[in-house]
file start.pdb (PDB, C-alpha atoms, pLDDT in the B column)
ATOM      1  CA  MET A   1       0.000   0.000   0.000  1.00 48.00           C
ATOM      2  CA  SER A   2       1.533   3.316  -1.031  1.00 58.00           C
ATOM      3  CA  LEU A   3       0.663   6.612   0.561  1.00 67.00           C
ATOM      4  CA  LYS A   4      -0.257   9.485  -1.703  1.00 79.00           C
ATOM      5  CA  ARG A   5       2.113  12.351  -1.106  1.00 87.00           C
ATOM      6  CA  THR A   6       0.772  15.904  -0.970  1.00 92.00           C
ATOM      7  CA  HIS A   7       2.025  19.401  -0.385  1.00 95.00           C
ATOM      8  CA  CYS A   8       1.349  20.347   3.230  1.00 92.00           C
ATOM      9  CA  GLU A   9      -0.988  23.136   4.240  1.00 91.00           C
ATOM     10  CA  GLY A  10       0.656  26.118   5.886  1.00 91.00           C
ATOM     11  CA  ILE A  11       4.171  25.667   4.523  1.00 94.00           C
ATOM     12  CA  GLU A  12       5.421  28.776   2.788  1.00 96.00           C
ATOM     13  CA  ALA A  13       6.961  28.155  -0.618  1.00 98.00           C
ATOM     14  CA  CYS A  14      10.630  29.032  -0.965  1.00 98.00           C
ATOM     15  CA  PRO A  15      10.814  32.260  -2.995  1.00 98.00           C
ATOM     16  CA  PHE A  16      14.183  31.186  -4.442  1.00 98.00           C
ATOM     17  CA  LEU A  17      12.824  28.031  -6.074  1.00 98.00           C
ATOM     18  CA  PRO A  18      10.391  27.542  -8.988  1.00 98.00           C
ATOM     19  CA  GLU A  19       6.748  26.919  -8.261  1.00 97.00           C
ATOM     20  CA  ALA A  20       5.936  23.232  -7.885  1.00 96.00           C
ATOM     21  CA  GLU A  21       2.555  22.741  -9.519  1.00 92.00           C
ATOM     22  CA  GLU A  22       2.636  18.997  -8.915  1.00 93.00           C
ATOM     23  CA  VAL A  23       3.902  16.804  -6.118  1.00 93.00           C
ATOM     24  CA  LEU A  24       7.352  15.510  -7.037  1.00 92.00           C
ATOM     25  CA  THR A  25       9.851  13.148  -5.485  1.00 86.00           C
ATOM     26  CA  ALA A  26      13.511  12.603  -6.312  1.00 87.00           C
ATOM     27  CA  SER A  27      12.454   9.939  -8.817  1.00 89.00           C
ATOM     28  CA  ALA A  28      11.048  12.743 -10.998  1.00 89.00           C
ATOM     29  CA  MET A  29      14.652  13.469 -11.976  1.00 89.00           C
ATOM     30  CA  LYS A  30      14.642  10.312 -14.101  1.00 91.00           C
ATOM     31  CA  ALA A  31      12.526  12.177 -16.654  1.00 89.00           C
ATOM     32  CA  VAL A  32      15.523  14.284 -17.732  1.00 86.00           C
ATOM     33  CA  GLY A  33      17.585  11.219 -18.596  1.00 88.00           C
ATOM     34  CA  SER A  34      21.299  11.854 -18.984  1.00 89.00           C
ATOM     35  CA  ASP A  35      20.892  15.622 -19.475  1.00 89.00           C
ATOM     36  CA  ARG A  36      22.768  17.618 -16.849  1.00 94.00           C
ATOM     37  CA  GLY A  37      22.136  21.067 -18.302  1.00 97.00           C
ATOM     38  CA  GLU A  38      19.301  23.578 -18.041  1.00 96.00           C
ATOM     39  CA  LEU A  39      16.465  21.055 -17.949  1.00 96.00           C
ATOM     40  CA  PHE A  40      18.186  19.067 -15.203  1.00 97.00           C
ATOM     41  CA  TYR A  41      18.905  22.245 -13.227  1.00 98.00           C
ATOM     42  CA  GLU A  42      15.357  23.583 -13.316  1.00 97.00           C
ATOM     43  CA  ARG A  43      13.839  20.162 -12.628  1.00 97.00           C
ATOM     44  CA  ALA A  44      16.095  19.691  -9.582  1.00 98.00           C
ATOM     45  CA  LEU A  45      15.050  23.108  -8.258  1.00 98.00           C
ATOM     46  CA  THR A  46      11.376  22.315  -8.840  1.00 98.00           C
ATOM     47  CA  CYS A  47      11.802  18.969  -7.049  1.00 98.00           C
ATOM     48  CA  ALA A  48      13.473  20.838  -4.181  1.00 98.00           C
ATOM     49  CA  GLN A  49      10.447  23.128  -3.895  1.00 98.00           C
ATOM     50  CA  SER A  50       7.993  20.243  -3.961  1.00 98.00           C
ATOM     51  CA  LEU A  51       9.933  18.283  -1.345  1.00 97.00           C
ATOM     52  CA  TRP A  52      10.109  21.406   0.832  1.00 98.00           C
ATOM     53  CA  LEU A  53       6.334  21.845   0.498  1.00 97.00           C
ATOM     54  CA  GLN A  54       5.851  18.194   1.453  1.00 97.00           C
ATOM     55  CA  GLY A  55       7.734  18.852   4.695  1.00 96.00           C
ATOM     56  CA  TYR A  56      11.023  17.202   3.711  1.00 97.00           C
ATOM     57  CA  PRO A  57      13.758  19.829   4.150  1.00 98.00           C
ATOM     58  CA  ALA A  58      16.641  17.316   4.035  1.00 97.00           C
ATOM     59  CA  GLN A  59      15.415  15.935   0.717  1.00 97.00           C
ATOM     60  CA  SER A  60      14.898  19.476  -0.540  1.00 98.00           C
ATOM     61  CA  LEU A  61      18.559  20.282   0.239  1.00 98.00           C
ATOM     62  CA  LEU A  62      19.662  17.147  -1.610  1.00 97.00           C
ATOM     63  CA  GLN A  63      17.877  18.373  -4.739  1.00 97.00           C
ATOM     64  CA  ILE A  64      19.454  21.806  -4.310  1.00 98.00           C
ATOM     65  CA  ASN A  65      22.812  19.983  -4.221  1.00 97.00           C
ATOM     66  CA  ARG A  66      21.897  18.230  -7.459  1.00 96.00           C
ATOM     67  CA  ALA A  67      21.089  21.561  -9.079  1.00 98.00           C
ATOM     68  CA  LEU A  68      24.489  22.899  -7.988  1.00 98.00           C
ATOM     69  CA  GLY A  69      26.016  19.943  -9.823  1.00 97.00           C
ATOM     70  CA  ALA A  70      24.369  20.849 -13.136  1.00 97.00           C
ATOM     71  CA  ASP A  71      26.646  21.440 -16.098  1.00 97.00           C
ATOM     72  CA  LEU A  72      25.978  25.127 -16.726  1.00 97.00           C
ATOM     73  CA  ARG A  73      28.403  27.611 -18.258  1.00 95.00           C
ATOM     74  CA  GLY A  74      26.852  30.841 -16.975  1.00 95.00           C
ATOM     75  CA  GLY A  75      24.924  32.276 -19.904  1.00 94.00           C
ATOM     76  CA  GLU A  76      21.909  29.988 -19.749  1.00 97.00           C
ATOM     77  CA  ALA A  77      18.477  31.613 -19.627  1.00 97.00           C
ATOM     78  CA  VAL A  78      17.455  29.487 -16.632  1.00 98.00           C
ATOM     79  CA  LEU A  79      20.081  31.257 -14.499  1.00 98.00           C
ATOM     80  CA  GLY A  80      18.321  34.548 -15.197  1.00 97.00           C
ATOM     81  CA  ARG A  81      15.145  33.078 -13.718  1.00 97.00           C
ATOM     82  CA  TRP A  82      16.773  30.966 -11.017  1.00 98.00           C
ATOM     83  CA  PRO A  83      20.300  32.002  -9.992  1.00 98.00           C
ATOM     84  CA  LEU A  84      22.524  29.358  -8.439  1.00 98.00           C
ATOM     85  CA  PRO A  85      20.540  28.214  -5.378  1.00 98.00           C
ATOM     86  CA  TYR A  86      22.688  29.436  -2.502  1.00 98.00           C
ATOM     87  CA  ALA A  87      19.781  31.593  -1.302  1.00 98.00           C
ATOM     88  CA  ALA A  88      17.438  28.601  -1.527  1.00 98.00           C
ATOM     89  CA  ALA A  89      19.787  26.441   0.565  1.00 98.00           C
ATOM     90  CA  ASP A  90      20.131  29.191   3.170  1.00 98.00           C
ATOM     91  CA  TRP A  91      16.368  29.791   3.209  1.00 98.00           C
ATOM     92  CA  VAL A  92      15.557  26.086   3.709  1.00 98.00           C
ATOM     93  CA  MET A  93      18.133  25.665   6.487  1.00 97.00           C
ATOM     94  CA  ARG A  94      16.762  28.703   8.332  1.00 97.00           C
ATOM     95  CA  ARG A  95      13.099  27.695   8.106  1.00 96.00           C
ATOM     96  CA  VAL A  96      13.086  24.090   9.251  1.00 94.00           C
ATOM     97  CA  ARG A  97      10.166  23.494  11.568  1.00 92.00           C
ATOM     98  CA  GLU A  98      10.405  21.585  14.809  1.00 90.00           C
ATOM     99  CA  GLY A  99      10.000  17.880  14.136  1.00 91.00           C
ATOM    100  CA  GLN A 100      11.143  18.069  10.502  1.00 94.00           C
ATOM    101  CA  PHE A 101      14.262  16.111   9.607  1.00 96.00           C
ATOM    102  CA  ILE A 102      17.162  18.036   8.140  1.00 96.00           C
ATOM    103  CA  GLY A 103      20.054  16.072   9.584  1.00 96.00           C
ATOM    104  CA  ASN A 104      23.277  18.002  10.072  1.00 97.00           C
ATOM    105  CA  PRO A 105      23.830  20.220   7.024  1.00 98.00           C
ATOM    106  CA  ARG A 106      27.211  21.419   8.283  1.00 97.00           C
ATOM    107  CA  ARG A 107      28.552  17.861   8.457  1.00 97.00           C
ATOM    108  CA  HIS A 108      26.795  16.928   5.213  1.00 97.00           C
ATOM    109  CA  TYR A 109      28.476  19.749   3.280  1.00 98.00           C
ATOM    110  CA  GLN A 110      31.840  19.015   4.936  1.00 98.00           C
ATOM    111  CA  HIS A 111      31.600  15.421   3.721  1.00 98.00           C
ATOM    112  CA  LEU A 112      30.363  16.488   0.293  1.00 97.00           C
ATOM    113  CA  ALA A 113      33.276  18.903  -0.151  1.00 98.00           C
ATOM    114  CA  THR A 114      35.915  16.430   0.998  1.00 98.00           C
ATOM    115  CA  ARG A 115      34.618  13.400  -0.897  1.00 97.00           C
ATOM    116  CA  MET A 116      33.694  14.977  -4.218  1.00 97.00           C
ATOM    117  CA  VAL A 117      34.375  13.151  -7.478  1.00 96.00           C
ATOM    118  CA  GLU A 118      34.380  14.226 -11.125  1.00 95.00           C
ATOM    119  CA  PRO A 119      32.890  15.715 -13.246  1.00 95.00           C
ATOM    120  CA  ARG A 120      33.851  19.338 -12.497  1.00 96.00           C
ATOM    121  CA  LYS A 121      35.204  18.251  -9.131  1.00 98.00           C
ATOM    122  CA  ALA A 122      36.869  21.548  -8.161  1.00 98.00           C
ATOM    123  CA  GLN A 123      33.790  23.601  -9.024  1.00 98.00           C
ATOM    124  CA  ARG A 124      31.514  21.314  -7.057  1.00 98.00           C
ATOM    125  CA  VAL A 125      33.917  21.194  -4.084  1.00 98.00           C
ATOM    126  CA  TRP A 126      33.847  24.988  -3.767  1.00 98.00           C
ATOM    127  CA  ARG A 127      30.058  25.036  -4.088  1.00 98.00           C
ATOM    128  CA  ALA A 128      29.814  22.476  -1.266  1.00 98.00           C
ATOM    129  CA  TRP A 129      32.132  24.607   0.881  1.00 98.00           C
ATOM    130  CA  GLY A 130      29.957  27.609   0.024  1.00 98.00           C
ATOM    131  CA  CYS A 131      26.883  25.805   1.346  1.00 98.00           C
ATOM    132  CA  TRP A 132      28.890  24.569   4.345  1.00 98.00           C
ATOM    133  CA  TYR A 133      29.670  28.196   5.179  1.00 98.00           C
ATOM    134  CA  LEU A 134      25.963  29.055   5.000  1.00 97.00           C
ATOM    135  CA  ALA A 135      25.127  26.113   7.295  1.00 97.00           C
ATOM    136  CA  CYS A 136      27.741  27.304   9.802  1.00 96.00           C
ATOM    137  CA  ARG A 137      26.149  30.756   9.798  1.00 94.00           C
ATOM    138  CA  VAL A 138      22.736  29.369  10.726  1.00 93.00           C
ATOM    139  CA  GLY A 139      24.237  28.640  14.124  1.00 80.00           C
ATOM    140  CA  CYS A 140      22.228  25.559  15.037  1.00 89.00           C
ATOM    141  CA  ALA A 141      23.995  24.051  18.075  1.00 91.00           C
ATOM    142  CA  GLU A 142      23.359  20.492  16.827  1.00 93.00           C
ATOM    143  CA  TRP A 143      25.088  21.176  13.508  1.00 96.00           C
ATOM    144  CA  VAL A 144      28.641  20.350  14.481  1.00 96.00           C
ATOM    145  CA  ALA A 145      31.640  19.511  12.340  1.00 97.00           C
ATOM    146  CA  ASP A 146      32.885  15.968  11.892  1.00 97.00           C
ATOM    147  CA  GLU A 147      35.871  16.478  14.176  1.00 97.00           C
ATOM    148  CA  LYS A 148      37.017  12.895  13.679  1.00 97.00           C
ATOM    149  CA  GLN A 149      37.310  13.407   9.925  1.00 97.00           C
ATOM    150  CA  ILE A 150      39.055  16.745  10.451  1.00 97.00           C
ATOM    151  CA  ARG A 151      41.565  15.140  12.811  1.00 97.00           C
ATOM    152  CA  GLU A 152      42.162  11.873  10.966  1.00 98.00           C
ATOM    153  CA  GLU A 153      42.102  13.176   7.378  1.00 97.00           C
ATOM    154  CA  GLY A 154      43.641  16.580   8.012  1.00 97.00           C
ATOM    155  CA  VAL A 155      40.603  18.415   6.673  1.00 97.00           C
ATOM    156  CA  ARG A 156      40.965  22.166   6.883  1.00 96.00           C
ATOM    157  CA  GLU A 157      37.774  24.194   6.914  1.00 97.00           C
ATOM    158  CA  PRO A 158      38.193  27.138   4.535  1.00 98.00           C
ATOM    159  CA  ALA A 159      37.715  30.766   5.498  1.00 98.00           C
ATOM    160  CA  ARG A 160      35.215  32.965   3.699  1.00 98.00           C
ATOM    161  CA  GLY A 161      37.919  34.538   1.535  1.00 98.00           C
ATOM    162  CA  GLU A 162      39.142  31.114   0.416  1.00 98.00           C
ATOM    163  CA  ILE A 163      35.612  30.122  -0.593  1.00 98.00           C
ATOM    164  CA  GLU A 164      35.198  33.367  -2.544  1.00 98.00           C
ATOM    165  CA  ALA A 165      38.512  32.751  -4.304  1.00 98.00           C
ATOM    166  CA  GLY A 166      37.579  29.144  -5.057  1.00 98.00           C
ATOM    167  CA  LEU A 167      34.202  30.127  -6.484  1.00 98.00           C
ATOM    168  CA  ALA A 168      35.849  32.901  -8.505  1.00 98.00           C
ATOM    169  CA  ALA A 169      38.389  30.468  -9.959  1.00 98.00           C
ATOM    170  CA  GLU A 170      36.085  27.494 -10.540  1.00 98.00           C
ATOM    171  CA  GLY A 171      32.547  28.869 -10.660  1.00 97.00           C
ATOM    172  CA  ILE A 172      30.579  30.471 -13.445  1.00 98.00           C
ATOM    173  CA  GLU A 173      30.361  34.165 -14.232  1.00 95.00           C
ATOM    174  CA  GLY A 174      28.570  36.007 -11.441  1.00 96.00           C
ATOM    175  CA  GLU A 175      28.634  33.073  -9.021  1.00 98.00           C
ATOM    176  CA  VAL A 176      30.726  34.812  -6.374  1.00 98.00           C
ATOM    177  CA  GLY A 177      28.296  37.732  -6.351  1.00 97.00           C
ATOM    178  CA  VAL A 178      25.330  35.401  -5.885  1.00 97.00           C
ATOM    179  CA  TRP A 179      27.032  33.646  -2.961  1.00 98.00           C
ATOM    180  CA  VAL A 180      28.285  36.861  -1.344  1.00 98.00           C
ATOM    181  CA  GLY A 181      24.787  38.344  -1.658  1.00 97.00           C
ATOM    182  CA  VAL A 182      23.462  35.507   0.493  1.00 98.00           C
ATOM    183  CA  VAL A 183      26.335  35.706   2.978  1.00 97.00           C
ATOM    184  CA  GLU A 184      25.880  39.440   3.389  1.00 96.00           C
ATOM    185  CA  GLY A 185      22.124  39.186   3.635  1.00 92.00           C
ATOM    186  CA  SER A 186      21.095  40.999   0.478  1.00 74.00           C
ATOM    187  CA  THR A 187      19.305  37.781  -0.596  1.00 71.00           C
ATOM    188  CA  GLY A 188      18.193  34.760   1.367  1.00 61.00           C
TER     189      GLY A 188
END
call {"tool": "encode", "arguments": {"input": "start.pdb", "output": "structure tokens"}}
result
Amino acid sequence: MSLKRTHCEGIEACPFLPEAEEVLTASAMKAVGSDRGELFYERALTCAQSLWLQGYPAQSLLQINRALGADLRGGEAVLGRWPLPYAAADWVMRRVREGQFIGNPRRHYQHLATRMVEPRKAQRVWRAWGCWYLACRVGCAEWVADEKQIREEGVREPARGEIEAGLAAEGIEGEVGVWVGVVEGSTG
């Protein structure tokens, strides 16, 4: 017996994600096939919105991560409508309701950044560190670093300036400005 999923009443839609007219799960990503461009990007963002509206913030963040992994060069029309989703990630992390599962985004992004694989590994590493920085700023006491990994693997958490430099070197045109806008509170 399968339960029919629905968008929950009373959950505000994320203003940094496309409207989700239908209820979607992560399996909806199969519809884009092997495409990792604009269609993939917008579909991942729409899935993130739907999962958020269903009350699944952790799953919403995972779809935001997928969107950040899209193969975009910077001039795509979809980026004019939906800039890289740093503001969406920040917004979701700050609006988790009591009783909703989000896990530990700080640890999640630390692991994502330090265990990244190709394609576009360096770009995706700096995007993960960018989201890690946002998670650290939320200040949730339960969101602690993986100190064991830091100690045993010699992981060094980057400073804001290092993340900016990494995004400038590896990201797409305008990416640093999008991220800095969230960090400095002009979006998000």
call {"tool": "residues_around", "arguments": {"input": "start.pdb", "residues": "A:Gln123", "least_positions_apart": "5", "cutoff": "10 Å", "atoms": "all atoms listed in the file", "output": "ChimeraX atom specification"}}
result
/A:68-69,116,118,128,166-172
call {"tool": "residues_near_point", "arguments": {"input": "start.pdb", "point": "(32.0, 16.9, -7.0)", "cutoff": "12 Å", "atoms": "all atoms listed in the file", "output": "list in words"}}
result
Asn65, Arg66, Leu68, Gly69, Ala70, Asp71, Tyr109, His111, Leu112, Ala113, Thr114, Arg115, Met116, Val117, Glu118, Pro119, Arg120, Lys121, Ala122, Gln123, Arg124, Val125, Trp126, Arg127, Ala128, Trp129 and Glu170 of chain A
call {"tool": "closest_residue", "arguments": {"input": "start.pdb", "among": "A:Glu42, A:Glu175, A:Glu98, A:Asp90", "to": "A:Val78", "atoms": "all atoms listed in the file"}}
result
A:Glu42
call {"tool": "resolve_selection", "arguments": {"input": "start.pdb", "expression": "the PyMOL selection byres ((chain A and resi 146) around 9)", "output": "list in words"}}
result
Arg106, Arg107, Gln110, His111, Val144, Ala145, Glu147, Lys148, Gln149, Ile150 and Arg151 of chain A
call {"tool": "atom_distance", "arguments": {"input": "start.pdb", "atom1": "atom CA of A:Ser186", "atom2": "atom CA of A:Cys47"}}
result
25.1 Å
call {"tool": "resolve_selection", "arguments": {"input": "start.pdb", "expression": "the PyMOL selection byres ((chain A and resi 179) around 9)", "output": "MDAnalysis selection string"}}
result
chainID A and resid 84:87 130:131 164 167 174:178 180:184
call {"tool": "closest_residue", "arguments": {"input": "start.pdb", "among": "A:Trp52, A:Trp82, A:Trp132, A:Tyr41", "to": "A:Gln100", "atoms": "all atoms listed in the file"}}
result
A:Trp52
call {"tool": "resolve_selection", "arguments": {"input": "start.pdb", "expression": "the PyMOL selection byres ((chain A and resi 54) around 7)", "output": "PyMOL selection string"}}
result
chain A and resi 6-8+50-53+55-56
call {"tool": "build_atoms", "arguments": {"input": "start.pdb", "residues": "stretch 64-75 of chain A", "atoms": "all heavy atoms", "output": "compact mmCIF listing (two decimals), keeping the file's coordinate frame"}}
result
# COMPACT_ATOMS: atom_id res chain seq x y z
N ILE A 64 18.70 20.57 -4.09
CA ILE A 64 19.45 21.81 -4.31
C ILE A 64 20.91 21.45 -4.63
O ILE A 64 21.51 22.03 -5.54
CB ILE A 64 19.33 22.75 -3.09
CG1 ILE A 64 17.89 23.30 -3.01
CG2 ILE A 64 20.35 23.87 -3.15
CD1 ILE A 64 17.55 24.02 -1.71
N ASN A 65 21.45 20.46 -3.92
CA ASN A 65 22.81 19.98 -4.22
C ASN A 65 22.90 19.48 -5.66
O ASN A 65 23.88 19.75 -6.35
CB ASN A 65 23.21 18.83 -3.31
CG ASN A 65 23.36 19.20 -1.86
OD1 ASN A 65 23.33 20.37 -1.50
ND2 ASN A 65 23.53 18.21 -1.03
N ARG A 66 21.89 18.75 -6.08
CA ARG A 66 21.90 18.23 -7.46
C ARG A 66 21.91 19.38 -8.45
O ARG A 66 22.62 19.34 -9.46
CB ARG A 66 20.70 17.32 -7.69
CG ARG A 66 20.83 16.00 -6.91
CD ARG A 66 19.78 15.02 -7.27
NE ARG A 66 20.17 14.37 -8.53
CZ ARG A 66 19.41 13.49 -9.18
NH1 ARG A 66 18.22 13.17 -8.69
NH2 ARG A 66 19.81 12.94 -10.29
N ALA A 67 21.11 20.41 -8.18
CA ALA A 67 21.09 21.56 -9.08
C ALA A 67 22.46 22.22 -9.14
O ALA A 67 22.92 22.63 -10.22
CB ALA A 67 20.03 22.57 -8.62
N LEU A 68 23.15 22.31 -8.01
CA LEU A 68 24.49 22.90 -7.99
C LEU A 68 25.49 22.05 -8.76
O LEU A 68 26.55 22.54 -9.13
CB LEU A 68 24.96 23.11 -6.55
CG LEU A 68 24.33 24.30 -5.83
CD1 LEU A 68 24.62 24.25 -4.34
CD2 LEU A 68 24.81 25.61 -6.44
N GLY A 69 25.15 20.82 -9.03
CA GLY A 69 26.02 19.94 -9.82
C GLY A 69 25.71 19.98 -11.31
O GLY A 69 26.38 19.30 -12.09
N ALA A 70 24.73 20.76 -11.71
CA ALA A 70 24.37 20.85 -13.14
C ALA A 70 25.53 21.40 -13.95
O ALA A 70 26.35 22.18 -13.45
CB ALA A 70 23.13 21.73 -13.32
N ASP A 71 25.58 21.01 -15.19
CA ASP A 71 26.65 21.44 -16.10
C ASP A 71 26.19 22.70 -16.84
O ASP A 71 25.68 22.64 -17.95
CB ASP A 71 26.99 20.33 -17.08
CG ASP A 71 28.23 20.63 -17.90
OD1 ASP A 71 28.91 21.64 -17.63
OD2 ASP A 71 28.52 19.84 -18.82
N LEU A 72 26.36 23.83 -16.17
CA LEU A 72 25.98 25.13 -16.73
C LEU A 72 27.23 25.97 -16.92
O LEU A 72 28.17 25.89 -16.12
CB LEU A 72 24.99 25.85 -15.81
CG LEU A 72 23.70 25.09 -15.49
CD1 LEU A 72 22.87 25.87 -14.47
CD2 LEU A 72 22.90 24.82 -16.74
N ARG A 73 27.23 26.79 -17.94
CA ARG A 73 28.40 27.61 -18.26
C ARG A 73 28.27 29.06 -17.79
O ARG A 73 29.25 29.79 -17.74
CB ARG A 73 28.65 27.59 -19.77
CG ARG A 73 28.81 26.20 -20.34
CD ARG A 73 30.08 25.55 -19.86
NE ARG A 73 30.20 24.21 -20.40
CZ ARG A 73 30.66 23.19 -19.74
NH1 ARG A 73 31.04 23.32 -18.51
NH2 ARG A 73 30.76 22.01 -20.31
N GLY A 74 27.05 29.50 -17.50
CA GLY A 74 26.85 30.84 -16.98
C GLY A 74 25.96 31.74 -17.81
O GLY A 74 25.43 32.71 -17.31
N GLY A 75 25.75 31.42 -19.07
CA GLY A 75 24.92 32.28 -19.90
C GLY A 75 23.53 31.73 -20.16
O GLY A 75 22.76 32.31 -20.91
